[in-house]
Amino acid sequence: MKRLSSLFILLIVASSSAFAQANFEAAERFTGEKMEKLIGDTFVWPRWIEDTDTFWYPYENSEGTNWYFVDAARGSQRELFDRDELAAQLSETFNRTFNSKDLDLNDFDYDTDKERFTFHVDSINFTYNLNGNRLVKGDSLSEKKEEDWATYSPDSTWIAFAKNHNLYVMKTDDEDSTEIQLTDDGELWFSYQADDSDTTSNERLRSRANWFEDSKKLWVKRQDKRKVDELWVINSLGKRPELETYKYPMPGEEDIYVDEIQVFDPANETSVTLDTDKWEDQSLGGAYFNDGGIWETQKSDYLYILRRDRTWSKIDVLKANTTTGNVEVLWSEESKPYFNTRYAQLAIINEGEEYIWWSERTGWGQLYRYDSEGNLKNAVTSGYYTVGDIARIDTSAKTLYFSAYGSETGQNPYFENLYSVRFDGSRLRHLTPEDANHNINASEEGNYFVDNYSRVDMPTKTVVRNGNGEAILELQQVDMSAAEEIGWSAPEEFTVKAADGATDLYGVMWKPFDFDPEKDYPIISYVYPGPQTEPFPTSFSVTGSTGRNQSLSQLGFVVVAFGQRGGSPIRSKYYHNYGYGDMRDYPLADNKYGIEQLASRHSFIDQDRVGIFGHSGGGFMSTAALLTYPDFYDVAVSSAGNHDNNIYNIWWSEVHNGVKENRKTIKEMNEDSVEVEKEVITFDAPIESNAELAGNLKGHLLLVHGDMDNNVHPANTIRLADALIKAGKRFDMMILPGRRHGFGPYNPYFQRMMWHYFSEHLLGDYRPDVIDFNLPED
C-alpha cells in the first residue's frame, strides 16, 4: 500500500508538472491581435491623390489614430485635421462624446473632383474641406449609397451593368435612365455578369466591363463554362441546408473554360469579337498578377493580351485592333517547363512606339525592349538576379524604375530593392541603400516613392524618396518599446543548406521570450511549398504568420519557417521550377535536412520532438512530410490542405506539376455520311496524392477543413481521411462549419486548437479538463 501510495503521488507530481509545461498565458499575450493593439500600424499605405505628388494616410500608434497629408514635392507632412477639434464638432452634432484618439471615420476617402475628404459617422455623411479645414454635415448615408451594380467610365459619362446575363450601358446624365442593351447572347455560365452563376431576373447587376481610359470603348473577357463540370459545397448554417453550385475544371479534364474578349463602342452601339483563336484550350490573360495579363493604354484603339497554351509553356504577346478585331502577334516565347506569370508584365511606351517585356529566357527574370513591330532592340537589365515589378516609367527621360531581388552582394536575396535604368540598359542605379526589404509605392505622377523598409529584426521606417533615391522626408518609425517592456524580442534570420548540400535556404526562427539556452525545446516547422511564395517573412510585422508563429513559440517551442527548392520565383528559374512533375515530394527533403542542420547547430533544439504545420499548400506539405518521414516528424497540423491535387484547379496543378498533350487520329462519319479522319487532342495530368501514403502514419495528425471551401474542396481532406481509416490509422479531424478556405472568424478557435494539439503531443501537456478556449472578443 505504501508503494502504491508513493507511486500515486509521483504520478500526480509528474502530471502536475506536465500541466505546467505549455505557457498558454504567454501565447495569449503575444498573439497578432494583442500585438497589433499594443503597437498599432507597422506599415504606411499612401493614398496618392490623382495626377499629383500628394497623398494622405491614416496611422495608428500608442497615441491613437491620426490622419496625415503629405506634399512630396515640398517635402512636408502635417496632420490632416485637429483630432480634438473634430471630436468636439462631432460631439456637438451627435450630442454624445467622441474619443479624439479613436475616431471612427468610416470610408474616409478623397473626392478628387471636389477636392475634399468624405467620410461617414453612424449614418451621416460628412465632408472635410482641405482648404479652410471646414467640416460640413451632409445627408444620411442611405440617400447617398452608391449602387454596386454600376461600372462608371473614367469621364463619368457612361454606366455599364448587366441584366439577365447581358451587357447594358446608360448615360449618367439621362434623367430617364434609358437602358441600351449591347448584347443578347449572354446566358448562365457564359455571361457578361461578374457572377455568371446568378439566376436573378430583371435586376441590374455588376458586369465584367472594363472601360478604356478615354471612355470611348469598353471590353469584356467572357468565359464559356457551360460544358465545365460542376462542383458543390453545402451551407449547413442557413434556415435550411443550402447547396452551392459552381464550375470547377480539374487537371486533365477535357472541358475547361474557353476565353473570349469583346470590345464595345457604346456611342455607336457596336461591338467586335477579337480574333484570338490559336491553341486548343488556350487562355487569354491568365496571369495571377499584373492586370491579369491584359493591358490597356490611354487610347482605346488597341488592346494588348497575353495568350498562352494549356501547358503554360508557350506565350504570345498580342496587339488587338479594337475596331476590326484583327490580332497581331508582336512576339512569341517558349519557356519550359512553364512560363512564370507572377512578373509577366508588358509596359507599352507612347501608345506602342516601344515595349518593355519581362522574361526568364536566361534563367533569371529580366527586362527586354522591343520596337513597335515587336522586334527585340536590347536587354534593359541583365545579371544573375530577378527583376520584380516596374514601379514607374519616365518616357521623356527614357528611364524606368523597377524592383529587383538578389542583385546586392551579401544581402538576403529576398529583399526587394529599387533601381533605375535607361531604356538602352545604361545608367543602372541602386536607389535604396539600406540593408533591408524595401516596399515601394510610386506617386500618381511618378516623381516620388513611399518606401517602407524593414527586416524581421528591424522595425519599419517609412520615408519619401525622390527619383535619385534620396530620402527627403521621414513619415513614421515603428516604436516597439511598449512590447519590449512586456518581454517581446525580435525573431532571428538564419540560413541552412538544401538537401543538395549547395543551395542556400533562408528562414526565420521564433523563440519563447523566456528562452533558456540550457533547456531542450521541441522544434515546429511552419511550411508552405510555393512555388509562388515561401513561408517566412522578410519585412517587419507583428501580425499574420509572424503573429501566429510568435504566439505558438511562447508555449515552449522553437518555431521556424524557411524555404526550399521549388519555392519562390524571385530566386532563379531553376530554383522555382525545381518541383515540376513532383508536386507532392519536392519540398520534403529540404525541410527535413534544414531542421537537422538547425538541431546540430543549436543544442537547445530537440530533434526527437519535431512538429510541422501549414495551410492550403502547407497543409498538403505538412501531411506529406509526416507520412514520408514517419520516424522524423512526430506531429502535423494540416489545415485546408490540397491533399489530392487531382481534384484541385487546373491553373495550379497542371502548371506546377505538368500536363501532357496527347494527339491521336480517329475516324468518324461527317454530315454527308462519309468516313473522315479527325485529330483529337486530350490532356493527361496525374498527380501523386497524400492518400497513397496513408499506411505510413506513425505520429499524430490533425486535419482541419472548412466545409464551404470552394477553393480547396473539402473532398481533399475527406479522401485522405478515408484512406487513413482503411489503413486502420488513428488521427484527428475537425470540420469548421460554414467556413471557406481562410477560416475567417474561426481562425482564433483553430489557432488555439493547434496550440493544444502541439502541447499535448510534443510537450506531453494533456489537460483533459480544458473545455473552454480563451477566444478574443469581437
# chains A, B, ... in the order shown; residues from 1 in each chain; ligands from 1
call {"tool": "residues_around", "arguments": {"residues": "Thr432 in chain A", "least_positions_apart": "5", "cutoff": "9 Å", "atoms": "only C-alpha atoms", "output": "ChimeraX atom specification"}}
result
/A:417-419,438,451,465,469-470
call {"tool": "write_last_selection", "arguments": {"atoms": "N, CA and C atoms", "output": "tab-separated table (two decimals), in the first residue's frame"}}
result
chain	number	residue	atom	x	y	z
A	417	ASN	N	14.60	45.69	-53.62
A	417	ASN	CA	15.29	46.97	-53.73
A	417	ASN	C	14.76	47.72	-54.94
A	418	LEU	N	14.94	49.04	-54.94
A	418	LEU	CA	14.50	49.89	-56.05
A	418	LEU	C	15.71	50.32	-56.88
A	419	TYR	N	15.54	50.27	-58.21
A	419	TYR	CA	16.60	50.65	-59.13
A	419	TYR	C	16.01	51.53	-60.24
A	438	HIS	N	12.61	46.58	-49.02
A	438	HIS	CA	12.01	47.87	-49.35
A	438	HIS	C	10.70	47.64	-50.11
A	451	ASP	N	8.61	54.56	-49.36
A	451	ASP	CA	9.42	53.37	-49.11
A	451	ASP	C	9.25	52.94	-47.66
A	465	ARG	N	11.07	59.09	-50.99
A	465	ARG	CA	12.29	59.24	-51.79
A	465	ARG	C	11.97	59.97	-53.09
A	469	GLY	N	16.62	58.56	-55.39
A	469	GLY	CA	16.71	57.66	-54.25
A	469	GLY	C	16.97	58.34	-52.93
A	470	GLU	N	17.05	59.68	-52.93
A	470	GLU	CA	17.31	60.41	-51.68
A	470	GLU	C	16.07	60.40	-50.79
call {"tool": "closest_atom_pairs", "arguments": {"of": "range 589-699 of chain A", "to": "range 276-288 of chain A", "cutoff": "12 Å", "atoms": "only C-alpha atoms", "output": "CSV"}}
result
residue,atom,partner,partner_atom,distance
A:Ile650,CA,A:Asp281,CA,11.5
A:Trp651,CA,A:Gly286,CA,8.7
A:Trp652,CA,A:Tyr288,CA,10.8
A:Val655,CA,A:Gly286,CA,11.5
A:Glu661,CA,A:Glu280,CA,9.8
A:Asn662,CA,A:Glu280,CA,11.4
A:Arg663,CA,A:Glu280,CA,11.2
A:Glu679,CA,A:Glu280,CA,11.6
A:Val680,CA,A:Glu280,CA,10.1
A:Ile681,CA,A:Glu280,CA,7.6
A:Thr682,CA,A:Glu280,CA,9.2
A:Phe683,CA,A:Asp281,CA,9.8
call {"tool": "closest_residue", "arguments": {"among": "A:Gly547, A:Pro46, A:Gly699, A:Pro686", "to": "Ser443 in chain A", "atoms": "only C-alpha atoms"}}
result
A:Pro46
call {"tool": "closest_residue", "arguments": {"among": "A:Asn549, A:Gln564, A:Ser489, A:Asn235", "to": "Phe515 in chain A", "atoms": "only C-alpha atoms"}}
result
A:Ser489
